[in-house]
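Participant: Have a look at the structure that comes next, please.
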Number of protein chains: 2
Amino acid sequence: VIKCAIFAIGSELLEGSLVDTNTAWLARRLAKRGVYVSMGRLLPDDKDTIMESFKEAAEKCDFVLTTGGLGPTFDDITAEVSAEAAGMKTEFYQPAWDNVVDRLSVYKIKLKESHKRQAFLPEKSHKFPNKRGTALGFAVENNGCTFISMPGIPYEMYHMFEQYVMPYIEERFELTEKHELDLRFANVPESDVDEAILEVGVPQEVECIINVSRGECFVKLRSFNDAVMKDFANKVRGKLEQYFMSYNKEDMQYLIVDLLKSKGIKLAVAESCTGGMIGSAITEIAGSSAAFLGGYITYSNEMKEMMLGVKKETMVEHGAVSEETCTEMLMGVSEKTGAECAIAVTGVAGPDGGTKDKPVGTVVIGVKCGNSVKIEKKFFRGDRETIRIRTMKMAFTELIHLLRAGT
Amino acid sequence: VIKCAIFAIGSELLEGSLVDTNTAWLARRLAKRGVYVSMGRLLPDDKDTIMESFKEAAEKCDFVLTTGGLGPTFDDITAEVSAEAAGMKTEFYQPAWDNVVDRLSVYKIKLKESHKRQAFLPEKSHKFPNKRGTALGFAVENNGCTFISMPGIPYEMYHMFEQYVMPYIEERFELTEKHELDLRFANVPESDVDEAILEVGVPQEVECIINVSRGECFVKLRSFNDAVMKDFANKVRGKLEQYFMSYNKEDMQYLIVDLLKSKGIKLAVAESCTGGMIGSAITEIAGSSAAFLGGYITYSNEMKEMMLGVKKETMVEHGAVSEETCTEMLMGVSEKTGAECAIAVTGVAGPDGGTKDKPVGTVVIGVKCGNSVKIEKKFFRGDRETIRIRTMKMAFTELIHLLRAGT
């Protein structure tokens, strides 16, 4: 197995002011090609610490990927340390400088002396173009371990990795595709999943990871043997059929947009406690306009009345968080937009606003697909963000059930 | 300086299917108390690897914080490894079992044999209650280094850390408050910031981190000497006054909600390419209902017409992404909702839908505050997510300018 280390470099990561998402992004892509990520580290902008990790990785891994520390500022030292760890120096590299000059002229940023730093790269290194920013990537050989460095800005790194770094890795290492299958379950206790898996028994050739996140449970299978993995997946699914959602590993809204598109129908939303989160999640999908019309963010009671025609009396009598109000929101958004499918949610996301009858976490979720309507009151534990996300996911779960029932 | 290591435990983290946010959250809180996080690691559910990191940390750090690996499933091994690294065993701990039983009965989940695992904790360890889940936390002493383990589910960990773990750390180590000041700049080139900082000169007692993210630049200052740090901050701000937004380190919408509340006025939004993201960002703030009415997600042209009264001719003649359409959206949402402040955005988020005239990344942003209106066409580089986020941030930036000008 090819082993790899991933270092996210930058003191801000160890100081907590920035969450490192690059490591997960890279690890995902490497896992698919059968690479085992054995080390994942956050490293401060400190020469000795980075050097020590490079040296440890050189002994344990086939290659190292670093992100960050290639910028023009004084604390960006990845190029120097990578070179030094491999017993080399940095040198001025004209094409890197040309890239900086070009890029800054496009961005209309004036050149500074400090930008020169970005043109000093390890000698004898392989260079990777950066089509989206100033800092080039590079690969340094060190006794059978390759140190590969990329910029830390995700948008730049993604492109460089996919276009240049991954092909470079593929050329140098014998990679084998690792098959992947994710089973997505909704509203199932983790221990039921665990029990089902133990009963079926995980085949030796299959890796199985269980992952619970805000109302969803993922069983992630990885194997070089596709047939054995699929057989195992079918058996696990068989034991948990009533909770099974999809083999889709993308977020649920992708499944919804696919279902809507395949039926040629459209969705509209009416959001109170989620405040636009549901619409935002759907429209993060490129091409979602084929399945999504839009919606109403009715955060206040006046807006529920004005935008959706919810009756004042309904809200006074039953409250803004009630089956009755949710039903009127759902009917309102359906009638106004003419969408075949609709979602309406209203709830107490907290931390304030809870009452004895309706504590923080009380939400009402309505979904409609053609003539089928489901209104459900739920109670979610968690902080404000968790309650909002679980509300959204429950709405998606229910809509998927309706969309499937309708076929 | 007290040194700490943070280990996020779970193979899913090194496989990229989950992003570790716990480390950043913990690091943030420790940094404020002057603790230096010298190691940050993602560790697989592998005994040898975790053991090795515990042993290394024992030599280099005063304490270790781990998150994850305390669940009931077969791959949860943190308790065993923590005990073994300190030369101990685990033992059945009745109150931990009682907590599991109580919790599961509240959640109406039936007890399984596998749940017993969560009651085996390192002998002689200090225990931390878990008021939000089944797994207790614990602290093991090992020759002057304390191994502290907490659950990986953020909602559970946050509460345990703040209520029990941080007080435990404060009792055992002499911590000193580290002062923090974050300067937030909008739309400034990083190299200008770097130059300003070098010109002023960073005092030896002040740590200075520059962080660029989608149109914003943060200068993060940390020091045990508050006066020296504030003096430095003022000088840097003086050099970059036209880009300066706030000392607020929270996201811009927090500043907006504060400004709106202090003026006693309200905001409504009309979102096309952001699809609800702006509303969602504002309503993530508890109590935002005092400043936010709601809005319209007008993802399709029909919805722009139906919901906001944008004229069909305007969209035909100038396009849906135009100053003209944006102006009508802005006026529409203001009139319909009666809000004093409004935001309207429309754009091409891509990856498809771009034209020669209006390539992907073209957006029009409109903000209104009382009688002041600003409509601006912008072009943002980046992927779909980046374009949507930059659109939102630019709208927030412009609204902040208007809100401030109005005082």
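So you can find residues: chains in the structure tokens are A, B, ... in the order shown, residues in each start at 1, and ligands are numbered from 1 in order.
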Which neighbours of B:Glu313 fall inside 12 Å, counting only C-alpha atoms, when residues of the same chain fewer than 3 positions from it are skipped, and could you give them as a ChimeraX atom specification?
Facilitator: /B:301,305,309-310,316-320,324-325,328
Participant: Produce a file of the selected residues containing C-alpha atoms, as a CSV table (one decimal), in the first residue's frame.
Facilitator:
```
chain,number,residue,atom,x,y,z
B,301,ASN,CA,-37.1,34.8,-13.6
B,305,GLU,CA,-41.5,38.8,-11.6
B,309,GLY,CA,-42.6,42.7,-9.4
B,310,VAL,CA,-39.5,42.8,-11.6
B,316,VAL,CA,-35.6,40.5,-21.5
B,317,GLU,CA,-33.8,43.7,-22.4
B,318,HIS,CA,-31.0,43.8,-19.8
B,319,GLY,CA,-30.9,40.2,-18.6
B,320,ALA,CA,-31.6,38.7,-15.2
B,324,GLU,CA,-31.6,47.2,-13.9
B,325,THR,CA,-33.0,43.9,-12.7
B,328,GLU,CA,-36.1,46.3,-9.4
```
Participant: Which residues, written as a compact mmCIF listing (two decimals) with N, CA, C and O atoms, in the first residue's frame, have at least one atom at most 9 Å from stretch 200-204 of chain A, with only C-alpha atoms counted and residues fewer than 6 positions away on the same chain left out?
Facilitator:
```
# COMPACT_ATOMS: atom_id res chain seq x y z
N VAL A 228 -17.32 -8.44 -3.34
CA VAL A 228 -17.46 -8.77 -1.92
C VAL A 228 -18.08 -7.60 -1.16
O VAL A 228 -18.95 -7.78 -0.30
N MET A 229 -17.64 -6.40 -1.52
CA MET A 229 -18.16 -5.21 -0.83
C MET A 229 -19.65 -5.04 -1.10
O MET A 229 -20.44 -4.76 -0.18
N PHE A 232 -21.77 -7.54 0.82
CA PHE A 232 -21.86 -7.13 2.22
C PHE A 232 -22.86 -5.96 2.38
O PHE A 232 -23.71 -5.97 3.28
N LYS A 235 -26.48 -7.07 2.26
CA LYS A 235 -26.92 -7.76 3.48
C LYS A 235 -27.18 -6.76 4.61
O LYS A 235 -28.15 -6.89 5.35
N VAL A 236 -26.29 -5.77 4.75
CA VAL A 236 -26.49 -4.76 5.80
C VAL A 236 -27.76 -3.97 5.50
O VAL A 236 -28.60 -3.74 6.38
N LYS A 239 -30.97 -5.67 6.50
CA LYS A 239 -31.30 -5.65 7.93
C LYS A 239 -31.84 -4.31 8.40
O LYS A 239 -32.39 -4.21 9.49
```
Participant: Taking the chain letters and numbering used in this document, name the residues of stretch 192-334 of chain A that DSSP puts in helix (DSSP H, G or I), as a ChimeraX atom specification.
Facilitator: /A:192-200,226-239,241-243,252-263,277-283,288-290,301-308,312-318,323-334
Participant: Take the residues just selected and output them with C-alpha atoms as an mmCIF file, in the first residue's frame.
Facilitator:
```cif
data_model
loop_
_atom_site.group_PDB
_atom_site.id
_atom_site.type_symbol
_atom_site.label_atom_id
_atom_site.label_comp_id
_atom_site.auth_asym_id
_atom_site.auth_seq_id
_atom_site.Cartn_x
_atom_site.Cartn_y
_atom_site.Cartn_z
ATOM 1 C CA ASP A 192 -28.700 -0.721 15.598
ATOM 2 C CA VAL A 193 -26.349 -0.137 12.688
ATOM 3 C CA ASP A 194 -23.428 -1.513 14.646
ATOM 4 C CA GLU A 195 -25.408 -4.616 15.565
ATOM 5 C CA ALA A 196 -26.518 -5.213 11.979
ATOM 6 C CA ILE A 197 -22.918 -4.953 10.808
ATOM 7 C CA LEU A 198 -21.635 -7.340 13.464
ATOM 8 C CA GLU A 199 -24.396 -9.822 12.622
ATOM 9 C CA VAL A 200 -23.546 -9.806 8.941
ATOM 10 C CA ASP A 226 -16.001 -4.641 -5.480
ATOM 11 C CA ALA A 227 -18.114 -7.829 -5.544
ATOM 12 C CA VAL A 228 -17.458 -8.771 -1.921
ATOM 13 C CA MET A 229 -18.160 -5.214 -0.830
ATOM 14 C CA LYS A 230 -21.473 -5.014 -2.712
ATOM 15 C CA ASP A 231 -22.616 -8.331 -1.303
ATOM 16 C CA PHE A 232 -21.864 -7.127 2.222
ATOM 17 C CA ALA A 233 -23.658 -3.829 1.536
ATOM 18 C CA ASN A 234 -26.785 -5.628 0.363
ATOM 19 C CA LYS A 235 -26.922 -7.757 3.483
ATOM 20 C CA VAL A 236 -26.494 -4.756 5.796
ATOM 21 C CA ARG A 237 -29.118 -2.832 3.876
ATOM 22 C CA GLY A 238 -31.470 -5.811 4.148
ATOM 23 C CA LYS A 239 -31.304 -5.652 7.928
ATOM 24 C CA GLU A 241 -34.258 -1.465 5.066
ATOM 25 C CA GLN A 242 -36.756 0.824 6.791
ATOM 26 C CA TYR A 243 -34.034 3.367 7.525
ATOM 27 C CA MET A 252 -29.584 14.670 0.398
ATOM 28 C CA GLN A 253 -30.435 17.705 -1.688
ATOM 29 C CA TYR A 254 -28.539 16.144 -4.611
ATOM 30 C CA LEU A 255 -30.881 13.163 -4.469
ATOM 31 C CA ILE A 256 -33.864 15.529 -4.317
ATOM 32 C CA VAL A 257 -32.742 17.546 -7.318
ATOM 33 C CA ASP A 258 -32.181 14.312 -9.266
ATOM 34 C CA LEU A 259 -35.619 12.975 -8.324
ATOM 35 C CA LEU A 260 -37.312 16.261 -9.217
ATOM 36 C CA LYS A 261 -35.512 16.498 -12.539
ATOM 37 C CA SER A 262 -36.357 12.921 -13.469
ATOM 38 C CA LYS A 263 -40.036 13.643 -12.793
ATOM 39 C CA MET A 277 -30.710 27.443 4.648
ATOM 40 C CA ILE A 278 -32.861 25.006 2.662
ATOM 41 C CA GLY A 279 -32.868 27.182 -0.447
ATOM 42 C CA SER A 280 -29.153 27.772 -0.081
ATOM 43 C CA ALA A 281 -28.448 24.030 0.198
ATOM 44 C CA ILE A 282 -30.450 23.275 -2.931
ATOM 45 C CA THR A 283 -28.947 26.090 -4.968
ATOM 46 C CA SER A 288 -30.600 23.250 -9.666
ATOM 47 C CA SER A 289 -32.659 25.857 -11.515
ATOM 48 C CA ALA A 290 -34.166 22.940 -13.472
ATOM 49 C CA ASN A 301 -45.087 36.445 11.711
ATOM 50 C CA GLU A 302 -45.982 39.488 9.601
ATOM 51 C CA MET A 303 -44.043 37.992 6.712
ATOM 52 C CA LYS A 304 -45.834 34.657 7.099
ATOM 53 C CA GLU A 305 -49.062 36.564 6.781
ATOM 54 C CA MET A 306 -48.010 38.955 4.035
ATOM 55 C CA MET A 307 -45.985 36.594 1.843
ATOM 56 C CA LEU A 308 -47.795 33.300 2.329
ATOM 57 C CA LYS A 312 -53.261 35.877 11.837
ATOM 58 C CA GLU A 313 -55.859 33.936 13.845
ATOM 59 C CA THR A 314 -54.081 30.688 13.115
ATOM 60 C CA MET A 315 -50.850 32.030 14.561
ATOM 61 C CA VAL A 316 -52.578 33.630 17.539
ATOM 62 C CA GLU A 317 -54.566 30.504 18.344
ATOM 63 C CA HIS A 318 -51.988 27.797 17.651
ATOM 64 C CA GLU A 323 -49.040 22.100 12.533
ATOM 65 C CA GLU A 324 -51.738 24.580 11.606
ATOM 66 C CA THR A 325 -49.352 27.426 10.747
ATOM 67 C CA CYS A 326 -47.018 25.069 8.925
ATOM 68 C CA THR A 327 -49.914 23.737 6.853
ATOM 69 C CA GLU A 328 -50.918 27.237 5.824
ATOM 70 C CA MET A 329 -47.313 28.076 4.982
ATOM 71 C CA LEU A 330 -47.082 24.970 2.842
ATOM 72 C CA MET A 331 -50.325 25.693 1.027
ATOM 73 C CA GLY A 332 -49.338 29.326 0.632
ATOM 74 C CA VAL A 333 -46.028 28.635 -1.030
ATOM 75 C CA SER A 334 -47.582 25.970 -3.283
#
```
Participant: Do you know which residues are at most 8 Å from stretch 268-272 of chain B counting only C-alpha atoms, after dropping those on the same chain fewer than 3 positions away, and could you put them as number ranges by chain?
Facilitator: B: 275-276, 278-279, 292-300, 329-330, 333-334, 337, 339, 341-347
Participant: So how many Å separate atom CA of A:Ala79 and atom CA of A:Met157, to one decimal?
Facilitator: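 Separation of atom CA of A:Ala79 and atom CA of A:Met157: 15.5 Å.
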Participant: Please provide as an NGL selection string all residues within 12 Å of stretch 35-38 of chain B, with the sequence filter that same-chain residues fewer than 4 positions apart are discarded (counting only C-alpha atoms).
Facilitator: (:A and (10-16 or 41-46 or 48-50)) or (:B and (1-7 or 23-24 or 26-31 or 56-57 or 60-65 or 166 or 169-170 or 173-178 or 222-224))
Participant: Which of these residues is nearest to chain A, using only C-alpha atoms: B:Glu284, B:Glu162, B:Glu52, B:Glu59?
Facilitator: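 Looking only at the distances to chain A, the closest residue turns out to be B:Glu284.
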Participant: Check the DSSP output for the backbone and give back, as a PyMOL selection string, the residues of stretch 113-324 of chain A in strand (DSSP E or B).
Facilitator: chain A and resi 120-122+126-128+137-142+145-150+179-186+206-213+216-223+244-246+267-271+292-298
Participant: Neighbours of stretch 348-365 of chain B within 8 Å (only C-alpha atoms; same-chain residues fewer than 2 positions away dropped), as a VMD selection string?
Facilitator: (chain A and resid 286 to 287) or (chain B and resid 273 321 to 323 326 343 to 346 367 375 to 385 387 to 388 391 394 to 395)
Participant: How many Å separate atom CA of B:Phe218 from atom CA of A:Val106?
Facilitator: 23.1 Å
Participant: Measuring between only C-alpha atoms, which one of B:Glu141, B:Asp251, B:Arg132, B:Pro189 shows the shortest distance to A:Leu111?
Facilitator: B:Pro189
